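Below is one structure; the comments refer to it alone.
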Amino acid sequence: RGKDVSDSGRVLEAALDGGINFLDTAAGYGNTEELIGKTIAHRRDEYVLATKFGVARGAFSEATIEESIDRSLRRMKTDHLDILQLHSPEPHIDLLTLDRDVIVDAMLRAKEAGKTRFLGYSGDNEAAQWAVNSGAFDTLQTSFNLVDQQARKGLFAAAKARDMGIIIKRTLAMGMWGKGHGTPTYHPSHVAYLERAQEMGQAGPVSGAPDDPIMLAMGFVFAHPEVDTGLVATTNLSHLRSNIELVESGVSITAEAVDELYRRFDDFGWRQVT
């Protein structure tokens with residue numbers, strides 16, 4: 001967010017050149033849609049493009065949803081999306097109280113008009129379960145990582161039973177694994193993740209786990225066959241290249257390490273993160 005065109009272009013071009021072919025953004029992520037359009041629209045056939053639109057209580061309609069979708073297409077200089085996702089509402093808004101039929105109908109019309117190939121939902125917990133149960137969506141984007149494991153407790157199985165693609169957000173647990181006390185945090189979800197990481201880390205090194213926390217985080221997520229892709233956000237070119245090299249060299253971790261992370265997570269009664 002907030003990056004200039006030249007910096008963003010270098011990162012996005014390097015991502016495509018490095019073999020990354022899935023790009024996820026949102027209308028609410030600052031100027032990211034515009035940056036994609038200005039830098040890599042000419043390479044549109046090289047990547048799967050997913051974006052999101054959001055809704056607010058009393059401030060949405062079929063017309064406003066259609067306007068948001070069309071604006072995203074213009075910004076990214078494309079005539080279609082690969083995945084159009086309903087973005088989880090702001091924390092003070094409960095998706096389950098919104099007029100979901102209006103939202104889904106507007107998305108279906110966008111699909112029928114050729115503006116998107118697939119429909120998805122991005123969110124967690126009860127709202128994610130509603131999205132799966134609704135049968136309206138082709139993909140589910142949800143939080144899952146070594147300190148946020150709720151999705152493995154029924155949500156993955158339910159999504160796969162409906163043949164949904166599973167996209168993981170917060171793959172690296174916001175980089176909180178291994179961070180000590182006093183680490184600066186700026187968002188409630190960062191605070192919750194840091195607390196969890198510190199509690200889970202009190203038992204010492206994870207048996208059979210790699211020393212590199214990034215490899216451990218990636219390895220944990222991709223140890224789950226239900227996962228189709230994991231999102232890793234960065235604006236740092238060297239971090240991007242390092243992550244690509246890591247994946248190319250292999251990020252698998254032992255079943256022993258996965259089981260130990262399960263045990264440590266399950267030992268605590270974690271509050272939900274928004």
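Identifiers in this document derive from the order of the structure tokens: chains are assigned A, B, ..., residues are numbered from 1 separately in each chain, and ligands are numbered from 1 in order of occurrence.
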
Which residues of stretch 9-63 of chain A have any atom within 8 Å of an atom in stretch 225-244 of chain A when counting only C-alpha atoms, and what is the closest pair of atoms for each, with the distance in Å to one decimal? Order the rows by chain and rising number and write it as CSV.
residue,atom,partner,partner_atom,distance
A:Arg10,CA,A:Leu237,CA,7.5
A:Val11,CA,A:Leu237,CA,5.5
A:Ala14,CA,A:Leu237,CA,7.7
A:Ala15,CA,A:Leu240,CA,7.2
A:Gly18,CA,A:Ile244,CA,6.8
A:Asp24,CA,A:Leu231,CA,7.7

Output N, CA, C and O atoms for every residue in that selection, as a short mmCIF file (atom, residue, chain, number, x, y, z; two decimals), in the first residue's frame.
data_model
loop_
_atom_site.label_atom_id
_atom_site.label_comp_id
_atom_site.auth_asym_id
_atom_site.auth_seq_id
_atom_site.Cartn_x
_atom_site.Cartn_y
_atom_site.Cartn_z
N ARG A 10 8.85 -2.86 -9.94
CA ARG A 10 10.00 -3.76 -9.76
C ARG A 10 9.61 -5.01 -8.97
O ARG A 10 10.01 -6.13 -9.32
N VAL A 11 8.83 -4.82 -7.91
CA VAL A 11 8.42 -5.97 -7.10
C VAL A 11 7.49 -6.89 -7.88
O VAL A 11 7.66 -8.12 -7.88
N ALA A 14 9.30 -8.72 -10.69
CA ALA A 14 10.15 -9.76 -10.13
C ALA A 14 9.32 -10.96 -9.67
O ALA A 14 9.75 -12.11 -9.80
N ALA A 15 8.13 -10.68 -9.14
CA ALA A 15 7.26 -11.78 -8.72
C ALA A 15 6.87 -12.64 -9.91
O ALA A 15 6.96 -13.88 -9.85
N GLY A 18 9.75 -14.55 -11.22
CA GLY A 18 10.15 -15.62 -10.31
C GLY A 18 9.17 -16.78 -10.26
O GLY A 18 9.39 -17.73 -9.49
N ASP A 24 -3.29 -11.30 -5.25
CA ASP A 24 -4.49 -11.00 -4.49
C ASP A 24 -4.43 -9.56 -4.00
O ASP A 24 -3.43 -9.13 -3.42
#

Who sits within 9 Å of A:Ile214, only C-alpha atoms, same chain under 2 positions skipped, as a ChimeraX atom specification: /A:172,175,177,211-212,216-219,243,246

Could you write out the selected residues, including N, CA, C and O atoms, as a compact mmCIF listing (two decimals), in the first residue's frame?
# COMPACT_ATOMS: atom_id res chain seq x y z
N LEU A 172 2.37 -16.20 7.07
CA LEU A 172 3.57 -16.10 7.91
C LEU A 172 3.26 -15.63 9.32
O LEU A 172 4.17 -15.24 10.06
N GLY A 175 4.69 -12.52 10.83
CA GLY A 175 6.09 -12.48 11.25
C GLY A 175 6.29 -12.49 12.75
O GLY A 175 7.38 -12.12 13.23
N TRP A 177 6.23 -15.12 14.94
CA TRP A 177 6.87 -16.27 15.57
C TRP A 177 8.32 -15.93 15.91
O TRP A 177 9.07 -15.45 15.06
N ASP A 211 15.20 -23.96 12.00
CA ASP A 211 15.50 -22.77 12.80
C ASP A 211 14.91 -21.50 12.19
O ASP A 211 14.59 -20.55 12.91
N ASP A 212 14.79 -21.46 10.87
CA ASP A 212 14.28 -20.29 10.17
C ASP A 212 12.78 -20.15 10.42
O ASP A 212 12.00 -21.02 10.02
N LEU A 216 9.59 -22.31 8.87
CA LEU A 216 8.67 -23.02 9.75
C LEU A 216 7.22 -22.61 9.46
O LEU A 216 6.34 -23.47 9.37
N ALA A 217 6.99 -21.31 9.32
CA ALA A 217 5.63 -20.82 9.08
C ALA A 217 5.09 -21.33 7.74
O ALA A 217 3.95 -21.81 7.66
N MET A 218 5.90 -21.22 6.69
CA MET A 218 5.46 -21.72 5.39
C MET A 218 5.25 -23.22 5.42
O MET A 218 4.27 -23.75 4.88
N GLY A 219 6.19 -23.91 6.03
CA GLY A 219 6.12 -25.36 6.08
C GLY A 219 4.87 -25.84 6.79
O GLY A 219 4.24 -26.83 6.38
N ASN A 243 12.03 -15.30 -0.37
CA ASN A 243 10.89 -16.21 -0.22
C ASN A 243 10.76 -17.15 -1.41
O ASN A 243 10.43 -18.34 -1.25
N LEU A 246 13.35 -19.77 -1.07
CA LEU A 246 12.97 -20.69 0.00
C LEU A 246 11.99 -21.74 -0.51
O LEU A 246 12.14 -22.94 -0.26

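Among A:Arg162, A:Leu81, A:Ser134, A:Leu261, the residue with the shortest atom-to-atom distance to A:Ala197, counting only C-alpha atoms, is A:Leu261.
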
For A:Glu195, the nearest of the candidates A:Ile167, A:Val147, A:Ala159, A:Leu84, counting only C-alpha atoms: A:Val147

Given only C-alpha atoms as the counted atoms, nearest of A:Val206, A:Met76, A:Ala131, A:Ile65 to A:Val102: A:Ile65

Mind the document's chain letters and residue numbers, and return as a PyMOL selection string the residues of stretch 65-182 of chain A that DSSP labels helix (DSSP H, G or I). chain A and resi 65-76+95-97+100-112+125-134+150-152+155-161+173-175

Residue subset to file, keeping C-alpha atoms, as a short mmCIF file (atom, residue, chain, number, x, y, z; two decimals), in the first residue's frame:
data_model
loop_
_atom_site.label_atom_id
_atom_site.label_comp_id
_atom_site.auth_asym_id
_atom_site.auth_seq_id
_atom_site.Cartn_x
_atom_site.Cartn_y
_atom_site.Cartn_z
CA ILE A 65 -21.46 -3.42 -5.67
CA GLU A 66 -21.52 -3.28 -9.47
CA GLU A 67 -19.86 0.13 -9.37
CA SER A 68 -17.11 -1.22 -7.10
CA ILE A 69 -16.45 -4.16 -9.42
CA ASP A 70 -16.31 -1.96 -12.51
CA ARG A 71 -13.96 0.45 -10.75
CA SER A 72 -11.60 -2.39 -9.89
CA LEU A 73 -11.57 -3.54 -13.51
CA ARG A 74 -10.74 -0.04 -14.69
CA ARG A 75 -8.02 0.40 -12.12
CA MET A 76 -6.33 -2.88 -13.04
CA LEU A 95 -21.84 -10.11 7.87
CA LEU A 96 -24.59 -12.37 9.15
CA THR A 97 -26.88 -9.36 9.71
CA ARG A 100 -26.59 -11.56 1.90
CA ASP A 101 -28.98 -12.33 -0.94
CA VAL A 102 -28.35 -8.87 -2.41
CA ILE A 103 -24.60 -9.38 -2.19
CA VAL A 104 -24.59 -12.85 -3.72
CA ASP A 105 -27.04 -11.88 -6.49
CA ALA A 106 -24.82 -8.93 -7.48
CA MET A 107 -21.77 -11.21 -7.57
CA LEU A 108 -23.58 -13.81 -9.65
CA ARG A 109 -24.61 -11.15 -12.16
CA ALA A 110 -21.00 -10.03 -12.44
CA LYS A 111 -20.03 -13.62 -13.18
CA GLU A 112 -22.80 -14.01 -15.75
CA ASN A 125 -14.70 -18.06 11.79
CA GLU A 126 -18.54 -18.07 11.70
CA ALA A 127 -18.77 -15.88 8.60
CA ALA A 128 -16.39 -18.19 6.74
CA GLN A 129 -18.52 -21.15 7.74
CA TRP A 130 -21.61 -19.34 6.40
CA ALA A 131 -19.82 -18.74 3.10
CA VAL A 132 -18.97 -22.43 2.79
CA ASN A 133 -22.47 -23.57 3.73
CA SER A 134 -24.09 -21.13 1.30
CA GLN A 150 -8.99 -22.74 13.94
CA ALA A 151 -9.59 -23.40 10.23
CA ARG A 152 -8.29 -26.96 10.54
CA LEU A 155 -13.67 -25.45 8.10
CA PHE A 156 -11.13 -27.01 5.72
CA ALA A 157 -13.08 -30.25 5.51
CA ALA A 158 -16.37 -28.45 4.87
CA ALA A 159 -14.84 -26.30 2.12
CA LYS A 160 -13.22 -29.26 0.39
CA ALA A 161 -16.49 -31.22 0.60
CA ALA A 173 1.59 -15.26 11.06
CA MET A 174 2.47 -11.60 10.50
CA GLY A 175 6.09 -12.48 11.25
#

Identify, on the basis of only C-alpha atoms, every residue whose closest approach to stretch 142-146 of chain A does not exceed 6 Å; exclude the query and any residue fewer than 3 positions from it along the same chain; express the result as a ChimeraX atom specification. /A:122-124,149,168-171,173,221

So what do you get for atom CA of A:Gln141 versus atom CA of A:Ile166, distance-wise?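 These two atoms are separated by 6.0 Å.
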
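Restricting the calculation to only C-alpha atoms, the smallest distance between A:Val258 and any of A:Phe53, A:Phe137, A:Phe220, A:Phe60 is found for A:Phe220.
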
As a list in words, please: all residues of stretch 43-164 of chain A that backbone DSSP puts in strand (DSSP E or B).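 The residues of stretch 43-164 of chain A classed as strand (DSSP E or B) are Val48, Leu49, Ala50, Thr51, Lys52, Phe53, Leu81, Asp82, Ile83, Leu84, Gln85, Leu86, His87, Thr116, Arg117, Phe118, Leu119, Gly120, Tyr121, Ser122, Thr139, Leu140, Gln141, Thr142, Ser143, Asn145 and Asp148 of chain A.
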
Kindly save the residues from that selection, with C-alpha atoms included, as a PDB file, in the first residue's frame.
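And here is the file that came out, result34.pdb:
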ATOM      1  CA  VAL A  48      -4.465 -15.308 -11.716  1.00  0.00           C
ATOM      2  CA  LEU A  49      -5.985 -12.030 -10.519  1.00  0.00           C
ATOM      3  CA  ALA A  50      -8.134 -11.905  -7.402  1.00  0.00           C
ATOM      4  CA  THR A  51      -9.596  -8.812  -5.805  1.00  0.00           C
ATOM      5  CA  LYS A  52     -12.205  -8.042  -3.163  1.00  0.00           C
ATOM      6  CA  PHE A  53     -14.996  -5.579  -2.588  1.00  0.00           C
ATOM      7  CA  LEU A  81     -11.119 -10.934 -12.857  1.00  0.00           C
ATOM      8  CA  ASP A  82     -10.259 -14.522 -12.154  1.00  0.00           C
ATOM      9  CA  ILE A  83     -11.729 -14.389  -8.637  1.00  0.00           C
ATOM     10  CA  LEU A  84     -14.109 -11.765  -7.274  1.00  0.00           C
ATOM     11  CA  GLN A  85     -14.195 -12.008  -3.487  1.00  0.00           C
ATOM     12  CA  LEU A  86     -16.552 -10.604  -0.892  1.00  0.00           C
ATOM     13  CA  HIS A  87     -14.298  -8.947   1.652  1.00  0.00           C
ATOM     14  CA  THR A 116     -15.165 -12.651 -13.214  1.00  0.00           C
ATOM     15  CA  ARG A 117     -14.547 -16.346 -13.699  1.00  0.00           C
ATOM     16  CA  PHE A 118     -15.101 -17.386 -10.076  1.00  0.00           C
ATOM     17  CA  LEU A 119     -16.629 -16.063  -6.861  1.00  0.00           C
ATOM     18  CA  GLY A 120     -14.936 -16.160  -3.481  1.00  0.00           C
ATOM     19  CA  TYR A 121     -15.297 -15.145   0.129  1.00  0.00           C
ATOM     20  CA  SER A 122     -12.530 -13.722   2.313  1.00  0.00           C
ATOM     21  CA  THR A 139     -13.091 -20.200  -3.190  1.00  0.00           C
ATOM     22  CA  LEU A 140     -12.520 -19.412   0.461  1.00  0.00           C
ATOM     23  CA  GLN A 141      -9.752 -17.106   1.644  1.00  0.00           C
ATOM     24  CA  THR A 142      -9.210 -17.516   5.369  1.00  0.00           C
ATOM     25  CA  SER A 143      -6.575 -17.008   8.059  1.00  0.00           C
ATOM     26  CA  ASN A 145      -0.945 -20.306  10.309  1.00  0.00           C
ATOM     27  CA  ASP A 148      -4.063 -19.279  14.165  1.00  0.00           C
TER      28      ASP A 148
END
